[in-house]
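Input: a single structure, listed below in structure tokens.
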Amino acid sequence: MMAYYHLDDIIGTSPMMQQVKRLARIYAATESTILITGESGTGKEMMAQAIHNLSSRCHGPFIAINCGAVSESLLESELFGYTGGSFTGARRDGREGLFEAANGGTLFLDEIGDMPYNLQNHLLRVLQERSVRRLGAYNVIPIDVRIIAATNKDLEQAVQEHHFRLDLYYRLAVLLIHMPPLRQRREDVAVLARTLLQRFNEQYGQPHDLGQDVLDYFQTLPWPGNVRQLANTIERLSLVVREEKITLPDLAWVLPNPPVVPDKNVRDRNLKAMTYDYIEKLYQDGKSVSDIAKELGISRSTIYRMRQKYQNKKDM
């Protein structure tokens, strides 16, 4: 497998993403193991590939495996390899594992939190000894592999619940990168949406453009599926919309609960009202003015002004 993504392919200029990219550049210059955390759809594998391409191992292989997508027995043989005849169905001449295949490069262990507990001890031994033993073999094979792991789970909680080994956690979490969810970097939504639409325009030969009303509405959505969900939404819009300009009414094609769109003046008022409601919800959740301003990407004075206007309307 090749590492196709570079750091410039990870779109975002928010303070959170600038810090993430700064850490990625620093960590890429080391040989230490990296643990990337974050919700599904935040771009953890993209970041792993970008770090590999920034590192001195960029000319070596980049091998990825999803530790939760295969059975325990298959995962063991995939990672460590096996000798001929070591189990029923094994190839006669045996097979190298992914640790061997990634020699001189990077092995990306995606969804490491789903790795079966029994295999975690085997992985720990490989990380400690920097060598691997194929299933059914006696000899060990030295390896030179950089490990990048990723998970959408809370591994510290998994340790407390005895689902994940504490010693393995500390072996993996030498360097940490957290990919923030899209709802915490709303200022990146518009540039992401435009960039994604440009890619799909080129792919499908379309001349689409996103209206400002759509971009404004996108910034109010929670995006539980993060960048992946936004990309899916943009791709559907690029396929189903026939007009060049994609506007708010077009969202009825792609969203389960699209906004009701009356005339423009009413629509603008509704969008502002949704923002007021969201601010009030954050207040009720105990968020401070600074926290709310940071999450929405607006100034504290704007929060005060909007909230005062909202309260005045309620009192009328």
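Going by the structure tokens order, chains are called A, B, ..., each with residues numbered from 1, while ligands are numbered from 1 in the order shown.
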Note to self: At a cut-off of 12 Å, using only C-alpha atoms, what residues contact region 238-253 of chain A? Leave out same-chain residues fewer than 2 positions from it and give the result as a VMD selection string.
What the structure shows: chain A and resid 193 to 194 196 to 218 231 to 236 255 to 264 267 to 268 271
Note to self: Give me, as a VMD selection string, the residues of region 89-269 of chain A that a backbone DSSP run labels strand (DSSP E or B).
What the structure shows: chain A and resid 95 106 to 110 131 to 132 135 141 to 142 146 to 151 175 to 178 209 to 210 245 to 246
Do you have, as JSON lines, the list of residues of region 126-199 of chain A lying at most 7 Å from region 8-31 of chain A, each with its nearest atom pair and that distance in Å to one decimal, counting only C-alpha atoms and ordered by chain then number?
{"residue": "A:Arg146", "atom": "CA", "partner": "A:Glu31", "partner_atom": "CA", "distance": 6.3}
{"residue": "A:Ile177", "atom": "CA", "partner": "A:Val20", "partner_atom": "CA", "distance": 6.7}
{"residue": "A:Arg185", "atom": "CA", "partner": "A:Ser14", "partner_atom": "CA", "distance": 6.3}
{"residue": "A:Glu187", "atom": "CA", "partner": "A:Ser14", "partner_atom": "CA", "distance": 6.3}
{"residue": "A:Asp188", "atom": "CA", "partner": "A:Gly12", "partner_atom": "CA", "distance": 5.3}
{"residue": "A:Leu192", "atom": "CA", "partner": "A:Ile11", "partner_atom": "CA", "distance": 6.2}
Just write the chosen residues, all heavy atoms, as a CSV table (one decimal), in the first residue's frame.
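That gives us out15.csv:
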chain,number,residue,atom,x,y,z
A,146,ARG,N,8.4,1.6,11.9
A,146,ARG,CA,7.8,2.6,12.7
A,146,ARG,C,6.3,2.3,12.9
A,146,ARG,O,5.6,2.1,11.9
A,146,ARG,CB,8.0,4.0,12.1
A,146,ARG,CG,7.9,5.1,13.1
A,146,ARG,CD,6.8,6.1,12.9
A,146,ARG,NE,6.8,7.1,13.9
A,146,ARG,CZ,7.3,8.4,13.7
A,146,ARG,NH1,7.7,8.7,12.5
A,146,ARG,NH2,7.3,9.3,14.6
A,177,ILE,N,-1.5,12.4,19.1
A,177,ILE,CA,-2.2,13.4,18.2
A,177,ILE,C,-3.7,13.2,18.3
A,177,ILE,O,-4.1,12.1,18.1
A,177,ILE,CB,-1.7,13.3,16.7
A,177,ILE,CG1,-0.3,13.8,16.6
A,177,ILE,CG2,-2.6,14.2,15.8
A,177,ILE,CD1,0.2,13.8,15.1
A,185,ARG,N,-14.4,22.7,15.2
A,185,ARG,CA,-13.6,23.6,14.3
A,185,ARG,C,-14.5,24.1,13.1
A,185,ARG,O,-14.2,23.8,12.0
A,185,ARG,CB,-12.4,22.9,13.8
A,185,ARG,CG,-12.6,21.6,13.2
A,185,ARG,CD,-11.2,21.0,12.8
A,185,ARG,NE,-11.3,19.8,12.1
A,185,ARG,CZ,-11.0,19.7,10.7
A,185,ARG,NH1,-10.7,20.7,10.1
A,185,ARG,NH2,-11.1,18.5,10.1
A,187,GLU,N,-15.0,26.8,11.9
A,187,GLU,CA,-14.4,27.8,10.9
A,187,GLU,C,-13.8,27.1,9.7
A,187,GLU,O,-13.5,27.7,8.7
A,187,GLU,CB,-13.4,28.7,11.6
A,187,GLU,CG,-12.3,27.9,12.3
A,187,GLU,CD,-12.5,27.7,13.8
A,187,GLU,OE1,-13.6,27.1,14.1
A,187,GLU,OE2,-11.7,28.1,14.6
A,188,ASP,N,-13.6,25.8,9.9
A,188,ASP,CA,-13.0,25.0,8.7
A,188,ASP,C,-14.1,24.4,7.8
A,188,ASP,O,-13.8,23.9,6.7
A,188,ASP,CB,-12.2,23.8,9.3
A,188,ASP,CG,-10.9,24.3,9.9
A,188,ASP,OD1,-10.4,25.4,9.5
A,188,ASP,OD2,-10.3,23.6,10.8
A,192,LEU,N,-13.6,23.5,3.8
A,192,LEU,CA,-13.7,22.0,3.5
A,192,LEU,C,-14.7,21.7,2.5
A,192,LEU,O,-14.5,21.0,1.5
A,192,LEU,CB,-14.0,21.3,4.8
A,192,LEU,CG,-12.8,20.7,5.6
A,192,LEU,CD1,-13.3,20.3,7.0
A,192,LEU,CD2,-12.1,19.6,4.9
Note to self: What's around region 96-109 of chain A at 7 Å? Count only C-alpha atoms, leave out sequence neighbours fewer than 4 positions away in its own chain, and write the answer as an MDAnalysis selection string.
What the structure shows: chainID A and resid 52 57 60:67 77:82 143:150
Checklist line | Length of the CA of Arg183 (chain A) to CA of Ile303 (chain A) vector [Å] | finding: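 Rounded to one decimal, the two atoms are 17.3 Å apart.
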Checklist line | helix (DSSP H, G or I) per DSSP on the backbone: members of region 188-223 of chain A, as a list of chain:residue names | finding: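 DSSP on the backbone gives helix (DSSP H, G or I) at A:Asp188, A:Val189, A:Ala190, A:Val191, A:Leu192, A:Ala193, A:Arg194, A:Thr195, A:Leu196, A:Leu197, A:Gln198, A:Arg199, A:Phe200, A:Asn201, A:Glu202, A:Gln203, A:Tyr204, A:Gln212, A:Asp213, A:Val214, A:Leu215, A:Asp216, A:Tyr217, A:Phe218.
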Please produce a file of the residues just selected, as a JSON list (two decimals), in the first residue's frame, where the atoms kept are C-alpha atoms.
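Saved file result.json follows:
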[["chain", "number", "residue", "atom", "x", "y", "z"],
["A", 188, "ASP", "CA", -13.03, 25.00, 8.74],
["A", 189, "VAL", "CA", -16.42, 23.82, 7.45],
["A", 190, "ALA", "CA", -16.73, 26.34, 4.61],
["A", 191, "VAL", "CA", -13.24, 25.80, 3.19],
["A", 192, "LEU", "CA", -13.66, 22.03, 3.53],
["A", 193, "ALA", "CA", -17.00, 22.12, 1.74],
["A", 194, "ARG", "CA", -15.61, 24.23, -1.11],
["A", 195, "THR", "CA", -12.51, 22.07, -1.47],
["A", 196, "LEU", "CA", -14.54, 18.86, -1.51],
["A", 197, "LEU", "CA", -16.98, 20.29, -4.04],
["A", 198, "GLN", "CA", -14.11, 21.27, -6.34],
["A", 199, "ARG", "CA", -12.81, 17.69, -6.23],
["A", 200, "PHE", "CA", -16.23, 16.25, -7.05],
["A", 201, "ASN", "CA", -16.75, 18.83, -9.79],
["A", 202, "GLU", "CA", -13.56, 17.59, -11.43],
["A", 203, "GLN", "CA", -14.55, 13.96, -10.89],
["A", 204, "TYR", "CA", -18.05, 14.29, -12.34],
["A", 212, "GLN", "CA", -23.48, 31.28, 1.08],
["A", 213, "ASP", "CA", -26.78, 30.19, 2.64],
["A", 214, "VAL", "CA", -25.67, 26.55, 2.36],
["A", 215, "LEU", "CA", -22.26, 27.28, 3.88],
["A", 216, "ASP", "CA", -23.89, 29.18, 6.74],
["A", 217, "TYR", "CA", -26.28, 26.32, 7.40],
["A", 218, "PHE", "CA", -23.50, 23.73, 7.25]]
Item checked: Interatomic distance (Å, one decimal) between CA of Arg133 (chain A) and CA of His163 (chain A) ->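 CA of Arg133 (chain A) sits 24.5 Å away from CA of His163 (chain A).
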Checklist line | Non-local contacts of Asp114 (chain A) (12 Å; only C-alpha atoms; under 6 positions in same chain excluded) as a ChimeraX atom specification | finding: /A:65-72,75,120,149-155,158,163-165
Item checked: 9 Å contact set for Leu119 (chain A), only C-alpha atoms, chain neighbours under 3 positions out, as a list in words -> Glu72, Leu75, Glu76, Met115, Pro116, His122, Leu123 and Leu124 of chain A
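With only C-alpha atoms as the atoms that count, the minimum distance from Leu182 (chain A) to the choices A:Tyr283, A:Trp223, A:Tyr117, A:Tyr169 is reached by A:Trp223.
CA of Tyr170 (chain A) is positioned 28.5 Å from CA of Gly225 (chain A).
Among the candidates A:Arg95, A:Asn226, A:Glu156, A:His6, the residue lying nearest to Ala173 (chain A) is A:Glu156 (atoms considered: only C-alpha atoms).
Distances from A:Val126, A:Leu176, A:Leu166, A:Val289 to Met306 (chain A) were compared using only C-alpha atoms, and the smallest one belongs to A:Val289.
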